[in-house]
Amino acid sequence: MGLRVVSSESTAYANPPDAQLSLADLEAVRVLGKGAGGSVQLVRHKWTNDIYALKGIQMNINETVRKQIVQELKINQLTLHQCPYIVKCYHSFYHNGIISIVLEYMDRGSLADIIKQTKQIPEPYLAVISNQVLKGLNYLHQVRHIIHRDIKPSNLLINQKGEVKISDFGVSAVLISSMAQRDTFVGTYTYMSPERLGGQSYAYDSDIWSLGLTILECALGYFPYRPPGQEEGWNNFFMLMELVINQPPVAAPPDKFSPEFCSFIAACIQKRPGDRLSTADLLKHPFLQKYSEEEYHLSNLR
């Protein structure tokens with residue numbers, strides 16, 4: 001079932017067009033996740049039994065900003081359906097201070113969930129994951145001219161069919177800025193490129209830095225930048241910023257990973273934006289060619 005937005009407020013229409021959809025038509029099944037910015041629920045459509053993920057974002061914003069955000073969500077949900085590597089956004093609306101987004105349900109959760117279960121993701125599966133994510137980023141960058149702005153393990157979702165899809169694409173710089181003011185820096189800033197942390201201008205290659213950190217974290221089982229004297233947990237943004245901006249970039253340990261993997265990570269995690277490879281070049285990288293998706297299908301990842 002596909003849903004199409006016809007209103008920027010609290011109502012829309014489902015197919016067939018004479019059937020009106022509202023929040024009352026969606027029945028909560030269970031909570032999938034909660035964060036500082038809101039929550040995600042598994043919901044069932046009462047008429048069709050179709051399953052969706054319903055993301056609610058609490059927004060204390062003025063009407064002009066709200067309309068801008070909802071308009072950008074509408075545009076994206078209509079156009080991004082063309083890419084199979086991006087989580088489908090079926091419907092969005094604003095009601096009682098909450099932006100609600102009806103999304104495709106990815107039934108294996110995020111890469112962050114996978115890391116918690118498996119501790120580390122083996123290199124061959126990371127090649128398959130990287131290939132799919134890069135195809136999604138290539139579409140965003142080259143076709144839609146969108147910077148995602150928030151690539152991290154919790155925004156890369158996977159399903160039982162072995163598909164990896166990008167979620168929470170940069171629908172609005174205003175939305176991200178509004179959420180960042182409320183969120184802890186740990187979730188908002190840790191995957192940012194040096195130029196973004198330093199308040200400089202940034203472009204598509206900032207997403208490449210974030211992807212490199214994300215894939216390296218999946219391989220290691222922990223965030224690559226570690227606080228001095230601590231095993232985990234950043235509680236000081238300025239310490240992290242100093243480390244990322246002024247120290248050499250993190251790298252994949254060559255004694256633990258293949259030369260191809262180390263080269264791939266190095267091609268992403270470069271302090272100078274111009275030194276990072278583009279999505280198109282990374283898709284040709286030997287690391288991605290080394291392992292076949294048929295042999296290392298992600299449905300086998302446990």
# chains A, B, ... in the order shown; residues from 1 in each chain; ligands from 1

$ closest_atom_pairs --of "region 240-293 of chain A" --to "region 205-223 of chain A" --cutoff "7 Å" --atoms "only C-alpha atoms" --output "CSV"
residue,atom,partner,partner_atom,distance
A:Ala252,CA,A:Leu216,CA,6.8
A:Ile265,CA,A:Gly212,CA,5.4
A:Cys268,CA,A:Gly212,CA,5.0
A:Ile269,CA,A:Trp209,CA,5.0
A:Pro273,CA,A:Asp205,CA,5.9
A:Arg276,CA,A:Asp205,CA,6.6
A:Ser278,CA,A:Asp205,CA,6.9

$ closest_atom_pairs --of "region 278-299 of chain A" --to "region 119-126 of chain A" --cutoff "10 Å" --atoms "only C-alpha atoms" --output "CSV"
residue,atom,partner,partner_atom,distance
A:Phe287,CA,A:Pro124,CA,8.8
A:Leu288,CA,A:Pro124,CA,8.7
A:Lys290,CA,A:Pro124,CA,8.0
A:Tyr291,CA,A:Pro124,CA,5.7
A:Ser292,CA,A:Pro124,CA,8.2
A:Glu293,CA,A:Tyr125,CA,8.2
A:Glu295,CA,A:Pro124,CA,9.1
A:Tyr296,CA,A:Tyr125,CA,5.9
A:His297,CA,A:Tyr125,CA,7.5
A:Leu298,CA,A:Tyr125,CA,6.6

$ write_last_selection --atoms "N, CA, C and O atoms" --output "compact mmCIF listing (two decimals), in the first residue's frame"
# COMPACT_ATOMS: atom_id res chain seq x y z
N PHE A 287 37.97 -3.17 -2.36
CA PHE A 287 37.33 -3.79 -1.20
C PHE A 287 35.91 -4.26 -1.54
O PHE A 287 35.48 -5.34 -1.13
N LEU A 288 35.19 -3.45 -2.31
CA LEU A 288 33.83 -3.82 -2.67
C LEU A 288 33.80 -4.93 -3.71
O LEU A 288 32.82 -5.69 -3.79
N LYS A 290 35.94 -7.38 -3.77
CA LYS A 290 36.58 -8.58 -3.22
C LYS A 290 35.58 -9.65 -2.79
O LYS A 290 35.88 -10.85 -2.82
N TYR A 291 34.39 -9.22 -2.37
CA TYR A 291 33.41 -10.17 -1.83
C TYR A 291 32.10 -10.05 -2.61
O TYR A 291 31.63 -8.95 -2.90
N SER A 292 31.49 -11.20 -2.92
CA SER A 292 30.24 -11.19 -3.68
C SER A 292 29.05 -11.16 -2.74
O SER A 292 29.05 -11.78 -1.67
N GLU A 293 28.02 -10.44 -3.16
CA GLU A 293 26.80 -10.34 -2.36
C GLU A 293 26.08 -11.68 -2.27
O GLU A 293 25.41 -11.97 -1.29
N GLU A 295 27.54 -14.64 -2.07
CA GLU A 295 28.21 -15.48 -1.08
C GLU A 295 28.03 -14.95 0.33
O GLU A 295 27.91 -15.73 1.29
N TYR A 296 27.99 -13.63 0.46
CA TYR A 296 27.88 -13.02 1.78
C TYR A 296 26.58 -12.22 1.87
O TYR A 296 26.58 -11.04 2.19
N HIS A 297 25.48 -12.90 1.57
CA HIS A 297 24.17 -12.23 1.62
C HIS A 297 23.87 -11.84 3.06
O HIS A 297 24.10 -12.60 4.00
N LEU A 298 23.36 -10.64 3.22
CA LEU A 298 23.19 -10.10 4.57
C LEU A 298 22.11 -10.82 5.38
O LEU A 298 22.04 -10.68 6.60

$ atom_distance --atom1 "CA of Gln270 (chain A)" --atom2 "CA of Leu156 (chain A)"
21.6 Å

$ atom_distance --atom1 "CA of Asn138 (chain A)" --atom2 "CA of Pro84 (chain A)"
12.0 Å

$ select_by_dssp --residues "region 132-271 of chain A" --states "strand (DSSP E)" --output "JSON, numbers by chain"
{"A": [156, 157, 158, 164, 165, 166]}

$ atom_distance --atom1 "CA of Ser100 (chain A)" --atom2 "CA of Arg44 (chain A)"
14.8 Å
